[in-house]
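Chemist: Pasting model18.txt here (compact mmCIF, N, CA and C atoms):
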# COMPACT_ATOMS: atom_id res chain seq x y z
N GLN A 1 0.12 -17.08 22.77
CA GLN A 1 0.16 -16.17 21.63
C GLN A 1 -0.99 -16.51 20.69
N VAL A 2 -1.60 -15.46 20.15
CA VAL A 2 -2.70 -15.65 19.21
C VAL A 2 -2.17 -16.30 17.93
N GLN A 3 -2.93 -17.25 17.42
CA GLN A 3 -2.60 -17.89 16.15
C GLN A 3 -3.65 -17.53 15.11
N LEU A 4 -3.20 -17.49 13.85
CA LEU A 4 -4.07 -17.16 12.73
C LEU A 4 -4.20 -18.38 11.81
N VAL A 5 -5.42 -18.69 11.41
CA VAL A 5 -5.65 -19.84 10.55
C VAL A 5 -6.52 -19.41 9.37
N GLU A 6 -5.98 -19.55 8.16
CA GLU A 6 -6.72 -19.21 6.95
C GLU A 6 -7.54 -20.40 6.46
N SER A 7 -8.60 -20.08 5.76
CA SER A 7 -9.41 -21.09 5.09
C SER A 7 -10.14 -20.43 3.93
N GLY A 8 -10.71 -21.28 3.06
CA GLY A 8 -11.52 -20.76 1.97
C GLY A 8 -10.87 -20.78 0.61
N GLY A 9 -9.61 -21.18 0.56
CA GLY A 9 -8.96 -21.27 -0.73
C GLY A 9 -9.50 -22.42 -1.56
N GLY A 10 -9.09 -22.47 -2.81
CA GLY A 10 -9.53 -23.55 -3.68
C GLY A 10 -9.29 -23.23 -5.12
N LEU A 11 -9.92 -24.03 -5.98
CA LEU A 11 -9.81 -23.88 -7.43
C LEU A 11 -11.07 -23.23 -7.95
N VAL A 12 -10.90 -22.19 -8.74
CA VAL A 12 -12.05 -21.48 -9.30
C VAL A 12 -11.71 -21.06 -10.74
N GLN A 13 -12.73 -20.94 -11.55
CA GLN A 13 -12.52 -20.49 -12.93
C GLN A 13 -12.38 -18.97 -12.96
N ALA A 14 -11.70 -18.49 -13.98
CA ALA A 14 -11.56 -17.05 -14.16
C ALA A 14 -12.94 -16.40 -14.20
N GLY A 15 -13.04 -15.28 -13.51
CA GLY A 15 -14.32 -14.58 -13.41
C GLY A 15 -15.12 -14.96 -12.18
N GLY A 16 -14.70 -16.01 -11.50
CA GLY A 16 -15.40 -16.48 -10.32
C GLY A 16 -15.01 -15.73 -9.06
N SER A 17 -15.55 -16.21 -7.95
CA SER A 17 -15.34 -15.56 -6.66
C SER A 17 -14.96 -16.57 -5.59
N LEU A 18 -14.24 -16.09 -4.60
CA LEU A 18 -13.91 -16.86 -3.41
C LEU A 18 -13.91 -15.91 -2.23
N ARG A 19 -14.19 -16.45 -1.06
CA ARG A 19 -14.05 -15.67 0.17
C ARG A 19 -13.10 -16.41 1.10
N LEU A 20 -12.02 -15.74 1.43
CA LEU A 20 -11.06 -16.29 2.37
C LEU A 20 -11.39 -15.81 3.78
N SER A 21 -11.11 -16.66 4.74
CA SER A 21 -11.30 -16.32 6.14
C SER A 21 -9.99 -16.49 6.89
N CYS A 22 -9.78 -15.65 7.87
CA CYS A 22 -8.62 -15.75 8.74
C CYS A 22 -9.15 -15.69 10.17
N ALA A 23 -9.16 -16.84 10.82
CA ALA A 23 -9.68 -16.93 12.17
C ALA A 23 -8.55 -16.84 13.18
N ALA A 24 -8.72 -15.95 14.16
CA ALA A 24 -7.72 -15.79 15.21
C ALA A 24 -8.14 -16.58 16.44
N SER A 25 -7.14 -17.12 17.14
CA SER A 25 -7.43 -17.93 18.33
C SER A 25 -7.70 -17.06 19.55
N GLY A 26 -7.51 -15.75 19.40
CA GLY A 26 -7.79 -14.83 20.48
C GLY A 26 -8.33 -13.52 19.92
N SER A 27 -8.43 -12.54 20.78
CA SER A 27 -8.99 -11.26 20.35
C SER A 27 -8.11 -10.56 19.33
N ILE A 28 -8.76 -10.00 18.31
CA ILE A 28 -8.03 -9.25 17.30
C ILE A 28 -8.15 -7.75 17.55
N GLY A 29 -8.86 -7.38 18.59
CA GLY A 29 -9.11 -5.97 18.84
C GLY A 29 -7.87 -5.15 19.14
N SER A 30 -6.81 -5.80 19.59
CA SER A 30 -5.60 -5.06 19.96
C SER A 30 -4.62 -4.89 18.80
N PHE A 31 -4.89 -5.55 17.68
CA PHE A 31 -3.94 -5.46 16.56
C PHE A 31 -3.96 -4.06 15.97
N ASN A 32 -2.79 -3.55 15.60
CA ASN A 32 -2.72 -2.24 14.96
C ASN A 32 -3.32 -2.28 13.56
N SER A 33 -3.11 -3.38 12.88
CA SER A 33 -3.66 -3.55 11.54
C SER A 33 -3.67 -5.03 11.22
N MET A 34 -4.42 -5.37 10.20
CA MET A 34 -4.44 -6.73 9.68
C MET A 34 -4.43 -6.65 8.17
N GLY A 35 -3.99 -7.73 7.55
CA GLY A 35 -3.93 -7.70 6.10
C GLY A 35 -3.82 -9.07 5.48
N TRP A 36 -3.96 -9.07 4.19
CA TRP A 36 -3.79 -10.27 3.36
C TRP A 36 -2.61 -10.04 2.43
N TYR A 37 -1.77 -11.06 2.32
CA TYR A 37 -0.66 -11.06 1.39
C TYR A 37 -0.78 -12.30 0.50
N ARG A 38 -0.08 -12.27 -0.60
CA ARG A 38 -0.05 -13.47 -1.45
C ARG A 38 1.33 -13.65 -2.04
N GLN A 39 1.63 -14.89 -2.37
CA GLN A 39 2.90 -15.21 -3.01
C GLN A 39 2.62 -16.20 -4.13
N GLY A 40 2.78 -15.71 -5.36
CA GLY A 40 2.60 -16.55 -6.52
C GLY A 40 3.86 -17.32 -6.84
N PRO A 41 3.77 -18.29 -7.74
CA PRO A 41 4.93 -19.10 -8.12
C PRO A 41 6.06 -18.22 -8.65
N GLY A 42 7.22 -18.34 -8.04
CA GLY A 42 8.38 -17.57 -8.49
C GLY A 42 8.31 -16.09 -8.20
N LYS A 43 7.39 -15.68 -7.37
CA LYS A 43 7.22 -14.25 -7.09
C LYS A 43 7.46 -13.95 -5.61
N GLN A 44 7.69 -12.68 -5.32
CA GLN A 44 7.81 -12.26 -3.93
C GLN A 44 6.44 -12.10 -3.31
N ARG A 45 6.40 -12.21 -2.00
CA ARG A 45 5.15 -11.99 -1.30
C ARG A 45 4.75 -10.52 -1.42
N GLU A 46 3.47 -10.29 -1.71
CA GLU A 46 2.98 -8.93 -1.90
C GLU A 46 1.70 -8.69 -1.12
N LEU A 47 1.51 -7.43 -0.76
CA LEU A 47 0.30 -7.04 -0.06
C LEU A 47 -0.89 -7.06 -1.02
N VAL A 48 -2.00 -7.61 -0.54
CA VAL A 48 -3.22 -7.67 -1.33
C VAL A 48 -4.27 -6.71 -0.77
N ALA A 49 -4.37 -6.65 0.53
CA ALA A 49 -5.34 -5.78 1.17
C ALA A 49 -4.95 -5.60 2.63
N ALA A 50 -5.26 -4.44 3.17
CA ALA A 50 -4.95 -4.17 4.56
C ALA A 50 -6.04 -3.31 5.18
N VAL A 51 -6.21 -3.46 6.49
CA VAL A 51 -7.17 -2.64 7.22
C VAL A 51 -6.55 -2.25 8.55
N THR A 52 -6.69 -0.99 8.91
CA THR A 52 -6.15 -0.51 10.17
C THR A 52 -7.17 -0.73 11.29
N GLY A 53 -6.72 -0.51 12.51
CA GLY A 53 -7.64 -0.63 13.62
C GLY A 53 -8.79 0.37 13.53
N GLY A 54 -8.54 1.49 12.85
CA GLY A 54 -9.58 2.48 12.67
C GLY A 54 -10.50 2.21 11.50
N GLY A 55 -10.23 1.14 10.77
CA GLY A 55 -11.12 0.75 9.68
C GLY A 55 -10.72 1.24 8.30
N ARG A 56 -9.58 1.93 8.20
CA ARG A 56 -9.15 2.35 6.87
C ARG A 56 -8.58 1.17 6.11
N THR A 57 -8.92 1.10 4.83
CA THR A 57 -8.47 0.00 4.00
C THR A 57 -7.51 0.48 2.92
N ASN A 58 -6.73 -0.46 2.43
CA ASN A 58 -5.73 -0.14 1.42
C ASN A 58 -5.60 -1.33 0.49
N TYR A 59 -5.60 -1.05 -0.81
CA TYR A 59 -5.49 -2.10 -1.82
C TYR A 59 -4.50 -1.66 -2.90
N PRO A 60 -3.72 -2.57 -3.44
CA PRO A 60 -2.92 -2.22 -4.61
C PRO A 60 -3.83 -2.12 -5.82
N ASP A 61 -3.34 -1.45 -6.85
CA ASP A 61 -4.16 -1.27 -8.06
C ASP A 61 -4.56 -2.59 -8.69
N SER A 62 -3.73 -3.62 -8.51
CA SER A 62 -3.99 -4.90 -9.18
C SER A 62 -5.28 -5.57 -8.70
N VAL A 63 -5.75 -5.23 -7.51
CA VAL A 63 -6.95 -5.88 -6.97
C VAL A 63 -8.05 -4.88 -6.63
N LYS A 64 -7.75 -3.60 -6.73
CA LYS A 64 -8.73 -2.57 -6.35
C LYS A 64 -9.99 -2.71 -7.17
N GLY A 65 -11.13 -2.69 -6.48
CA GLY A 65 -12.41 -2.84 -7.15
C GLY A 65 -12.85 -4.29 -7.28
N ARG A 66 -11.95 -5.22 -7.04
CA ARG A 66 -12.29 -6.65 -7.13
C ARG A 66 -12.25 -7.34 -5.77
N PHE A 67 -11.33 -6.92 -4.91
CA PHE A 67 -11.17 -7.55 -3.60
C PHE A 67 -11.66 -6.60 -2.52
N THR A 68 -12.23 -7.19 -1.46
CA THR A 68 -12.70 -6.40 -0.33
C THR A 68 -12.28 -7.08 0.97
N ILE A 69 -11.62 -6.32 1.82
CA ILE A 69 -11.22 -6.83 3.12
C ILE A 69 -12.22 -6.38 4.17
N SER A 70 -12.50 -7.26 5.12
CA SER A 70 -13.41 -6.89 6.20
C SER A 70 -13.02 -7.64 7.46
N VAL A 71 -13.49 -7.14 8.58
CA VAL A 71 -13.16 -7.74 9.88
C VAL A 71 -14.44 -7.85 10.71
N ASP A 72 -14.61 -8.99 11.35
CA ASP A 72 -15.71 -9.19 12.29
C ASP A 72 -15.08 -9.37 13.67
N ASN A 73 -15.06 -8.31 14.44
CA ASN A 73 -14.41 -8.36 15.75
C ASN A 73 -15.09 -9.33 16.70
N ALA A 74 -16.40 -9.47 16.57
CA ALA A 74 -17.13 -10.39 17.45
C ALA A 74 -16.70 -11.83 17.22
N LYS A 75 -16.34 -12.14 15.98
CA LYS A 75 -15.91 -13.50 15.64
C LYS A 75 -14.40 -13.64 15.57
N ASN A 76 -13.69 -12.53 15.82
CA ASN A 76 -12.22 -12.55 15.73
C ASN A 76 -11.76 -13.12 14.39
N THR A 77 -12.40 -12.67 13.34
CA THR A 77 -12.14 -13.21 12.01
C THR A 77 -12.04 -12.08 10.99
N MET A 78 -11.09 -12.23 10.10
CA MET A 78 -10.92 -11.31 8.98
C MET A 78 -11.26 -12.05 7.69
N TYR A 79 -11.80 -11.31 6.74
CA TYR A 79 -12.22 -11.92 5.48
C TYR A 79 -11.58 -11.20 4.30
N LEU A 80 -11.50 -11.92 3.20
CA LEU A 80 -11.12 -11.32 1.93
C LEU A 80 -12.09 -11.84 0.88
N GLN A 81 -12.98 -10.98 0.43
CA GLN A 81 -13.89 -11.32 -0.65
C GLN A 81 -13.20 -11.01 -1.96
N MET A 82 -13.06 -12.02 -2.80
CA MET A 82 -12.36 -11.87 -4.07
C MET A 82 -13.33 -12.14 -5.21
N ASN A 83 -13.57 -11.14 -6.02
CA ASN A 83 -14.47 -11.27 -7.16
C ASN A 83 -13.70 -11.07 -8.47
N SER A 84 -14.30 -11.47 -9.56
CA SER A 84 -13.70 -11.31 -10.88
C SER A 84 -12.26 -11.81 -10.89
N LEU A 85 -12.09 -13.00 -10.38
CA LEU A 85 -10.74 -13.55 -10.25
C LEU A 85 -10.10 -13.79 -11.61
N LYS A 86 -8.78 -13.61 -11.64
CA LYS A 86 -8.00 -13.78 -12.85
C LYS A 86 -6.93 -14.84 -12.61
N PRO A 87 -6.43 -15.47 -13.67
CA PRO A 87 -5.37 -16.47 -13.48
C PRO A 87 -4.16 -15.91 -12.74
N GLU A 88 -3.88 -14.63 -12.93
CA GLU A 88 -2.72 -14.04 -12.24
C GLU A 88 -2.95 -13.84 -10.75
N ASP A 89 -4.16 -14.10 -10.28
CA ASP A 89 -4.42 -14.07 -8.83
C ASP A 89 -4.02 -15.37 -8.16
N THR A 90 -3.63 -16.35 -8.95
CA THR A 90 -3.19 -17.63 -8.40
C THR A 90 -1.98 -17.44 -7.49
N ALA A 91 -2.11 -17.91 -6.26
CA ALA A 91 -1.05 -17.72 -5.26
C ALA A 91 -1.46 -18.41 -3.96
N VAL A 92 -0.51 -18.48 -3.06
CA VAL A 92 -0.82 -18.82 -1.68
C VAL A 92 -1.12 -17.51 -0.95
N TYR A 93 -2.25 -17.46 -0.30
CA TYR A 93 -2.70 -16.26 0.40
C TYR A 93 -2.49 -16.42 1.89
N TYR A 94 -1.88 -15.40 2.48
CA TYR A 94 -1.54 -15.42 3.91
C TYR A 94 -2.24 -14.27 4.62
N CYS A 95 -2.71 -14.52 5.83
CA CYS A 95 -3.18 -13.40 6.63
C CYS A 95 -2.08 -12.98 7.61
N ASN A 96 -2.16 -11.73 7.98
CA ASN A 96 -1.09 -11.09 8.76
C ASN A 96 -1.73 -10.14 9.75
N ALA A 97 -1.11 -10.04 10.91
CA ALA A 97 -1.59 -9.09 11.91
C ALA A 97 -0.39 -8.39 12.56
N ALA A 98 -0.51 -7.08 12.72
CA ALA A 98 0.53 -6.29 13.36
C ALA A 98 0.19 -6.13 14.84
N ARG A 99 1.00 -6.72 15.69
CA ARG A 99 0.75 -6.66 17.11
C ARG A 99 1.13 -5.28 17.65
N PRO A 100 0.52 -4.86 18.74
CA PRO A 100 0.83 -3.53 19.28
C PRO A 100 2.17 -3.49 20.01
N TYR A 101 2.58 -2.28 20.34
CA TYR A 101 3.77 -2.04 21.17
C TYR A 101 5.04 -2.64 20.57
N GLY A 102 5.09 -2.70 19.23
CA GLY A 102 6.30 -3.20 18.57
C GLY A 102 6.57 -4.67 18.80
N LEU A 103 5.54 -5.44 19.06
CA LEU A 103 5.72 -6.86 19.34
C LEU A 103 5.85 -7.71 18.08
N GLY A 104 5.78 -7.08 16.92
CA GLY A 104 6.00 -7.84 15.70
C GLY A 104 4.72 -8.27 15.03
N TYR A 105 4.87 -9.24 14.14
CA TYR A 105 3.78 -9.65 13.26
C TYR A 105 3.44 -11.13 13.46
N LEU A 106 2.18 -11.42 13.23
CA LEU A 106 1.71 -12.80 13.19
C LEU A 106 1.35 -13.16 11.76
N TRP A 107 1.61 -14.42 11.41
CA TRP A 107 1.27 -14.92 10.07
C TRP A 107 0.50 -16.22 10.20
N GLY A 108 -0.42 -16.40 9.26
CA GLY A 108 -1.08 -17.68 9.14
C GLY A 108 -0.24 -18.62 8.30
N GLN A 109 -0.75 -19.84 8.11
CA GLN A 109 0.02 -20.85 7.38
C GLN A 109 -0.19 -20.77 5.87
N GLY A 110 -1.19 -20.02 5.45
CA GLY A 110 -1.46 -19.84 4.03
C GLY A 110 -2.55 -20.75 3.51
N THR A 111 -3.23 -20.28 2.48
CA THR A 111 -4.24 -21.08 1.79
C THR A 111 -4.08 -20.87 0.30
N GLN A 112 -4.13 -21.96 -0.45
CA GLN A 112 -3.87 -21.90 -1.90
C GLN A 112 -5.12 -21.45 -2.66
N VAL A 113 -4.93 -20.49 -3.53
CA VAL A 113 -5.97 -20.07 -4.46
C VAL A 113 -5.46 -20.29 -5.87
N THR A 114 -6.21 -21.05 -6.65
CA THR A 114 -5.83 -21.33 -8.03
C THR A 114 -6.97 -20.91 -8.94
N VAL A 115 -6.66 -20.06 -9.90
CA VAL A 115 -7.66 -19.55 -10.84
C VAL A 115 -7.31 -20.10 -12.22
N SER A 116 -8.22 -20.88 -12.78
CA SER A 116 -8.00 -21.48 -14.09
C SER A 116 -8.58 -20.59 -15.18
N SER A 117 -7.93 -20.62 -16.33
CA SER A 117 -8.39 -19.77 -17.45
C SER A 117 -9.39 -20.50 -18.33
Please render this file's structure as structure tokens.
Modeler:
Amino acid sequence: QVQLVESGGGLVQAGGSLRLSCAASGSIGSFNSMGWYRQGPGKQRELVAAVTGGGRTNYPDSVKGRFTISVDNAKNTMYLQMNSLKPEDTAVYYCNAARPYGLGYLWGQGTQVTVSS
């Protein structure tokens, strides 16, 4: 089974940028969609960005214009470019992939992003 591994988290000041990576151990070409979720302290996990196999992207209003999701199929890697970071972006960020044929979802182990004010 393909595994997902996130990297790129860390501590950054408000207004700064980070780029998260999600590397898959196998081909990502068969996934129906991929996305980034986050879970802040005391909060539920929420969608941050998603991309379909056809390349359509989706962002909640809270990150629209600041975050950009992208996929490099040749490298089997998904990215999340995060700009103009705010303290409320502090969370553990998880990558997710929707497997085809109703086979369910894959999750990474998460990477911590902390934005200081």
Chemist: Could you produce a table of the residues of range 49-112 of chain A lying within 8 Å of range 12-33 of chain A, with the nearest pair of atoms per residue and their separation in Å rounded to one decimal, using only C-alpha atoms, ordered by chain and increasing residue number, as CSV?
Modeler:
residue,atom,partner,partner_atom,distance
A:Ala50,CA,A:Ser33,CA,7.1
A:Val51,CA,A:Ser33,CA,5.6
A:Thr52,CA,A:Ser33,CA,4.2
A:Gly53,CA,A:Asn32,CA,5.3
A:Asn73,CA,A:Gly29,CA,6.6
A:Lys75,CA,A:Ala23,CA,7.9
A:Asn76,CA,A:Ile28,CA,5.6
A:Thr77,CA,A:Ala23,CA,4.5
A:Met78,CA,A:Cys22,CA,5.0
A:Tyr79,CA,A:Ser21,CA,4.5
A:Leu80,CA,A:Leu20,CA,5.0
A:Gln81,CA,A:Arg19,CA,4.4
A:Met82,CA,A:Leu18,CA,5.3
A:Asn83,CA,A:Ser17,CA,4.4
A:Ser84,CA,A:Gly15,CA,4.2
A:Leu85,CA,A:Gly15,CA,4.9
A:Lys86,CA,A:Ala14,CA,5.0
A:Pro87,CA,A:Ala14,CA,6.3
A:Cys95,CA,A:Cys22,CA,6.3
A:Ala97,CA,A:Ser33,CA,5.9
A:Ala98,CA,A:Ser33,CA,5.3
A:Arg99,CA,A:Phe31,CA,4.9
A:Pro100,CA,A:Asn32,CA,5.7
A:Gly108,CA,A:Cys22,CA,7.8
Chemist: Using only C-alpha atoms, determine which residues lie at most 8 Å from range 44-49 of chain A, disregarding the query and same-chain residues fewer than 3 positions distant; provide the list as a list of chain:residue names.
Modeler: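 Answer for this query is A:Gly35, A:Trp36, A:Tyr37, A:Arg38, A:Gln39, A:Gly40, A:Thr57, A:Asn58, A:Tyr59, A:Pro60, A:Val63, A:Phe67, A:Thr68, A:Ile69.
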Chemist: Could you tell me how far CA of Glu88 in chain A sits from CA of Gly9 in chain A, in Å to one decimal place?
Modeler: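 According to the coordinates, CA of Gly9 in chain A and CA of Glu88 in chain A are separated by 15.0 Å.
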Chemist: As a VMD selection string, which residues of chain A does DSSP assign to strand (DSSP E)?
Modeler: chain A and resid 4 to 7 10 to 13 18 to 24 33 to 39 46 to 52 57 to 58 67 to 72 77 to 82 91 to 98 105 to 107 111 to 116
Chemist: How big is the axis-aligned box around all listed atoms of range 107-116 of chain A once 5 Å goes on each side, and where's its centre, in Å to one decimal, as lines of an AutoDock Vina configuration file?
Modeler:
center_x = -3.5
center_y = -18.2
center_z = -1.9
size_x = 20.2
size_y = 17.5
size_z = 36.6
Chemist: Work out how far apart atom N of Val115 in chain A and CA of Met34 in chain A are and give it in Å to one decimal.
Modeler: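 CA of Met34 in chain A lies at a distance of 23.8 Å from atom N of Val115 in chain A.
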